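Worksheet: the structure to be examined is printed underneath.
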Amino acid sequence: MRVYLKRSITAVFFFCALGLSACGTQERDDIGLGGSGATYAARYAPARTALRNGDFASLQTIMGLNPTNKEGVILTDEELKHQLVAQNSELSMMERGLLTLNSGDYKRALLYFDAAELKMEATDAVSKRDRKTNKAKQGTFATLSGIEESKDYPVRGYEKVMIYNYKALCYMLLGERKAYNVTRKAIDKQQEEWELFQELLSDLEKENENRRSTVENKEKSDETNKAVSQEDGRTEYTKKQAELLPNAYVNPFGDYMNAMILEIDSYEERSVRDNARIAYNKVLDNNENCLAAQQAIKDMKKAPPRNKKLVHVLLADGFSPERVEKTMQFFIGGALATANYAEASPHKSDLAGAKVKYGKSSYPMSSLSEMEAIILRDDLDRKPFRTFMIALALLRTGGTELILNETGLGSLGRLVSTVLANVQRPDTRTWLSLPNKIMVARFYVPNDAKTITIETYDAGKMKMGETEIALAEKGPSVIYAVNYGKNLQAIANESTWIAGQ
């Protein structure tokens, strides 16, 4: 064991030196807004500031710019897409896509989501091949050094699903039925990622068993794991939100999009309404509080009302949890062991409700996807992975001090342990542009209706924001709104794919 630790410590020093001079994922994760800092959240800060201030126009301008080639010629959209895939991480493209969509440019956002999907599918294909051949070597440097952001960002399952959901939404705003196939991908991906996550948990348990194969290893590992498992710095609010869901793979956004598309199809083919009803039922399976789905199920049993047009309004509010860096310390065998780790921390929203108004009619918006709960649940379900990395960090720092103490270099042991603790950097990256929650309303208005008004309010029923949005001239309207504090804006489709619209 001591020989193994000595070799590990030597390797750590080598890789830490290499990483500090040559580690470079920050550039690929950059979203081009000039943010700086040690954590991903710090580098993302300018985007959050702009959204909080309602400065959608500046974000749209920045994200809408095409870079130039070496000759100074502006890249075409297709050239830009290839450049993005070659030079940027999925996370960078996911952020740019949603920031662009939320600033009102859904055509440009689609380019970023296309690029993110291409990169994600290529990454997943390599990952599947490596798992089958048992050749996966991802994260070796990160595991040895503790600098977790030195490896490519592993896109979370719920994030992969949301790439497809937002891409489908862009097609809906464009009035293109391509949204249907993308939505089906989202539903399939959610199931696929759930099954993969279960496999990863099983693999981790086997790896832990292998590490505890010797008596000495088992004693140190059990002592460390016991200490880590007892540490829970989450607030009561965070714990409660995480427990709202059975797992992080219950996002009904894709099912609602699927149902909405089928409902629009049913205007031309009445028999499709039964398929739409089944899809709305699936929404309720994952979120029984979705009033829009409840009413839609009733409506799907009859023909659409005459001389009225359908309206769907989706409202994304606030910010998703960010991963905050925290530190824990324990004495293991008399040596001070330190681990830096990241834990999801929510950004609480003041929004308590929203409604849509037309004339004297008012339609309450209800819950569709509780993104905060999904993300906090994902963080909870991934605790075994976090425990594993924390245990390695504690053994790395505490073990180093123990080894050097035994060689008579006690003072150096504490110094080296401290250096290793300071070098550790947990992975704070996550898709920060995702909302706190997504709400929805579904209703009918007269065919000659021109506009509707969306209102948001706080827990005291005080109005926070208000915006008026034009409806599609003919046929169903799909409206996407975003809300940050008192800053509310919305965009709508101009048409749909059904005949005559």
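Labels for the structure tokens follow display order: chains A, B, ..., residues from 1 in each chain, ligands from 1.
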Exercise for the section: Would you please give, as an MDAnalysis selection string, all residues of region 286-458 of chain A that DSSP assigns to helix (DSSP H, G or I) based on the backbone? Expected result: chainID A and resid 286 291:299 371:381 383:406 410:423
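By chain and then residue number, the residues within 9 Å of Leu314 (chain A) are Met365, Leu368, Ile438, Met439, Val440, Ala441, Arg442, Val478, Ile479, Tyr480, Ala481 and Val482 of chain A, counting only C-alpha atoms and disregarding those fewer than 4 positions away in sequence.
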Exercise for the section: Figure out the distance between CA of Met300 (chain A) and CA of Asp274 (chain A), please, to one decimal in Å. Expected result: 6.6 Å
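If you measure from each of A:Ala490, A:Val155, A:Met371, A:Ala168 to Leu315 (chain A) using only C-alpha atoms, the closest one turns out to be A:Ala490.
Of the residues under consideration (A:Asn289, A:Thr456, A:Thr397, A:Ser477), A:Ser477 shows the shortest atom-to-atom contact distance to Ile491 (chain A) when counting only C-alpha atoms.
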Env of Arg273 (chain A): 7 Å cut, atoms = only C-alpha atoms, seq-sep filter 3 positions within chain, self excluded. Answer as a short mmCIF file (atom, residue, chain, number, x, y, z; two decimals) with all heavy atoms, in the first residue's frame.
```
data_model
loop_
_atom_site.label_atom_id
_atom_site.label_comp_id
_atom_site.auth_asym_id
_atom_site.auth_seq_id
_atom_site.Cartn_x
_atom_site.Cartn_y
_atom_site.Cartn_z
N LEU A 262 -48.73 16.77 -32.01
CA LEU A 262 -49.79 15.87 -32.44
C LEU A 262 -51.14 16.57 -32.43
O LEU A 262 -51.98 16.34 -33.30
CB LEU A 262 -49.82 14.63 -31.53
CG LEU A 262 -48.63 13.68 -31.67
CD1 LEU A 262 -48.66 12.63 -30.56
CD2 LEU A 262 -48.62 13.01 -33.04
N GLU A 263 -51.35 17.43 -31.45
CA GLU A 263 -52.61 18.18 -31.40
C GLU A 263 -52.75 19.09 -32.62
O GLU A 263 -53.83 19.19 -33.21
CB GLU A 263 -52.69 19.00 -30.12
CG GLU A 263 -54.02 19.75 -30.00
CD GLU A 263 -54.14 20.58 -28.74
OE1 GLU A 263 -53.17 20.66 -27.97
OE2 GLU A 263 -55.24 21.14 -28.53
N SER A 266 -53.68 17.14 -35.57
CA SER A 266 -55.07 16.66 -35.55
C SER A 266 -56.05 17.63 -36.19
O SER A 266 -57.20 17.28 -36.45
CB SER A 266 -55.50 16.38 -34.10
OG SER A 266 -55.74 17.58 -33.38
N ARG A 270 -58.22 14.06 -37.84
CA ARG A 270 -58.93 13.95 -36.56
C ARG A 270 -58.46 12.75 -35.73
O ARG A 270 -58.39 12.81 -34.50
CB ARG A 270 -60.43 13.83 -36.85
CG ARG A 270 -61.31 13.54 -35.64
CD ARG A 270 -61.40 14.72 -34.68
NE ARG A 270 -62.12 14.35 -33.46
CZ ARG A 270 -63.43 14.37 -33.33
NH1 ARG A 270 -64.19 14.71 -34.37
NH2 ARG A 270 -64.00 14.05 -32.19
N ALA A 276 -52.53 12.33 -29.41
CA ALA A 276 -52.21 13.52 -28.62
C ALA A 276 -52.67 13.34 -27.17
O ALA A 276 -51.97 13.72 -26.23
CB ALA A 276 -52.87 14.75 -29.24
N ARG A 277 -53.85 12.74 -27.00
CA ARG A 277 -54.37 12.49 -25.64
C ARG A 277 -53.42 11.58 -24.86
O ARG A 277 -53.13 11.82 -23.68
CB ARG A 277 -55.76 11.86 -25.72
CG ARG A 277 -56.36 11.52 -24.36
CD ARG A 277 -57.69 10.81 -24.51
NE ARG A 277 -57.57 9.60 -25.30
CZ ARG A 277 -57.09 8.45 -24.84
NH1 ARG A 277 -56.67 8.35 -23.57
NH2 ARG A 277 -57.01 7.39 -25.62
N MET A 300 -59.15 16.57 -26.07
CA MET A 300 -58.79 15.64 -27.14
C MET A 300 -59.89 14.62 -27.43
O MET A 300 -59.85 13.91 -28.44
CB MET A 300 -57.50 14.89 -26.80
CG MET A 300 -56.24 15.74 -26.79
SD MET A 300 -55.98 16.74 -28.27
CE MET A 300 -56.55 18.34 -27.70
#
```
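The gap separating CA of Met260 (chain A) from CA of Asn281 (chain A) is 12.1 Å, in Å to one decimal.
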Nearby residues (only C-alpha atoms) at most 12 Å from Met462 (chain A), same-chain spacing under 3 positions excluded, as a PDB file with N, CA, C and O atoms, in the first residue's frame:
```pdb
ATOM      1  N   ASP A 350     -38.287  34.665  -7.162  1.00  0.00           N
ATOM      2  CA  ASP A 350     -39.404  35.344  -6.506  1.00  0.00           C
ATOM      3  C   ASP A 350     -40.733  35.056  -7.199  1.00  0.00           C
ATOM      4  O   ASP A 350     -41.786  35.403  -6.684  1.00  0.00           O
ATOM      5  N   LEU A 351     -40.664  34.417  -8.362  1.00  0.00           N
ATOM      6  CA  LEU A 351     -41.889  34.153  -9.109  1.00  0.00           C
ATOM      7  C   LEU A 351     -42.733  33.096  -8.399  1.00  0.00           C
ATOM      8  O   LEU A 351     -42.276  31.999  -8.120  1.00  0.00           O
ATOM      9  N   ALA A 352     -43.985  33.444  -8.104  1.00  0.00           N
ATOM     10  CA  ALA A 352     -44.899  32.499  -7.459  1.00  0.00           C
ATOM     11  C   ALA A 352     -45.970  32.015  -8.415  1.00  0.00           C
ATOM     12  O   ALA A 352     -46.563  30.961  -8.210  1.00  0.00           O
ATOM     13  N   GLY A 353     -46.221  32.769  -9.482  1.00  0.00           N
ATOM     14  CA  GLY A 353     -47.251  32.372 -10.438  1.00  0.00           C
ATOM     15  C   GLY A 353     -47.258  33.264 -11.662  1.00  0.00           C
ATOM     16  O   GLY A 353     -46.591  34.297 -11.712  1.00  0.00           O
ATOM     17  N   ALA A 354     -48.028  32.850 -12.656  1.00  0.00           N
ATOM     18  CA  ALA A 354     -48.149  33.616 -13.895  1.00  0.00           C
ATOM     19  C   ALA A 354     -49.509  33.316 -14.515  1.00  0.00           C
ATOM     20  O   ALA A 354     -50.101  32.259 -14.259  1.00  0.00           O
ATOM     21  N   GLU A 455     -48.593  37.872 -17.627  1.00  0.00           N
ATOM     22  CA  GLU A 455     -48.268  38.559 -16.382  1.00  0.00           C
ATOM     23  C   GLU A 455     -47.619  37.587 -15.401  1.00  0.00           C
ATOM     24  O   GLU A 455     -47.998  36.417 -15.337  1.00  0.00           O
ATOM     25  N   THR A 456     -46.648  38.082 -14.653  1.00  0.00           N
ATOM     26  CA  THR A 456     -46.017  37.288 -13.599  1.00  0.00           C
ATOM     27  C   THR A 456     -46.223  37.999 -12.268  1.00  0.00           C
ATOM     28  O   THR A 456     -46.344  39.237 -12.226  1.00  0.00           O
ATOM     29  N   TYR A 457     -46.273  37.223 -11.171  1.00  0.00           N
ATOM     30  CA  TYR A 457     -46.463  37.855  -9.874  1.00  0.00           C
ATOM     31  C   TYR A 457     -45.742  37.058  -8.789  1.00  0.00           C
ATOM     32  O   TYR A 457     -45.416  35.876  -8.961  1.00  0.00           O
ATOM     33  N   ASP A 458     -45.509  37.735  -7.663  1.00  0.00           N
ATOM     34  CA  ASP A 458     -44.762  37.118  -6.565  1.00  0.00           C
ATOM     35  C   ASP A 458     -45.711  36.472  -5.561  1.00  0.00           C
ATOM     36  O   ASP A 458     -46.933  36.418  -5.770  1.00  0.00           O
ATOM     37  N   ALA A 459     -45.151  36.015  -4.428  1.00  0.00           N
ATOM     38  CA  ALA A 459     -45.946  35.304  -3.431  1.00  0.00           C
ATOM     39  C   ALA A 459     -47.023  36.181  -2.811  1.00  0.00           C
ATOM     40  O   ALA A 459     -48.040  35.683  -2.322  1.00  0.00           O
ATOM     41  N   GLY A 465     -43.969  41.353 -13.667  1.00  0.00           N
ATOM     42  CA  GLY A 465     -43.693  41.711 -15.055  1.00  0.00           C
ATOM     43  C   GLY A 465     -44.919  41.541 -15.925  1.00  0.00           C
ATOM     44  O   GLY A 465     -45.866  40.829 -15.569  1.00  0.00           O
ATOM     45  N   GLU A 466     -44.908  42.182 -17.071  1.00  0.00           N
ATOM     46  CA  GLU A 466     -46.029  42.097 -18.000  1.00  0.00           C
ATOM     47  C   GLU A 466     -45.513  42.324 -19.418  1.00  0.00           C
ATOM     48  O   GLU A 466     -44.655  43.188 -19.640  1.00  0.00           O
ATOM     49  N   LYS A 486     -38.107  40.991 -12.681  1.00  0.00           N
ATOM     50  CA  LYS A 486     -39.186  41.792 -13.262  1.00  0.00           C
ATOM     51  C   LYS A 486     -39.045  41.945 -14.773  1.00  0.00           C
ATOM     52  O   LYS A 486     -39.814  42.682 -15.400  1.00  0.00           O
TER      53      LYS A 486
END
```
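The neighbours of Leu84 (chain A) here are the residues that come within 10 Å of it, using only C-alpha atoms and leaving out any residue fewer than 5 positions away in the same chain; they are Arg28, Glu78, Glu79, Ser89, Glu90, Ser92, Met93, Leu111, Tyr112, Ala115, Ala116 and Lys119 of chain A.
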Handout entry: Residue contacts of region 493-498 of chain A (8 Å, only C-alpha atoms) excluding same-chain residues fewer than 4 positions away, as an NGL selection string
Key = :A and (172-177 or 264-265 or 267-268 or 471-479)
Handout entry: Minimum-distance residue to Thr238 (chain A), chosen among A:Ala316, A:Leu394, A:Ile374, A:Val283 (using only C-alpha atoms)
Key = A:Ile374
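Using only C-alpha atoms for every distance, the candidate list A:Thr387, A:Ser345, A:Ser150, A:Ser366 yields A:Ser150 as the residue closest to Gln424 (chain A).
Interatomic distance, CA of Lys185 (chain A) against CA of Lys383 (chain A): 27.9 Å.
Closest approach to Thr338 (chain A) among A:Lys355, A:Arg425, A:Arg377, A:Lys107: A:Arg425, based on only C-alpha atoms.
Minimum atom-to-atom distances from A:Met257, A:Ala292, A:Leu392, A:Leu432 to Val324 (chain A) were compared using only C-alpha atoms, and the lowest value belongs to A:Leu432.
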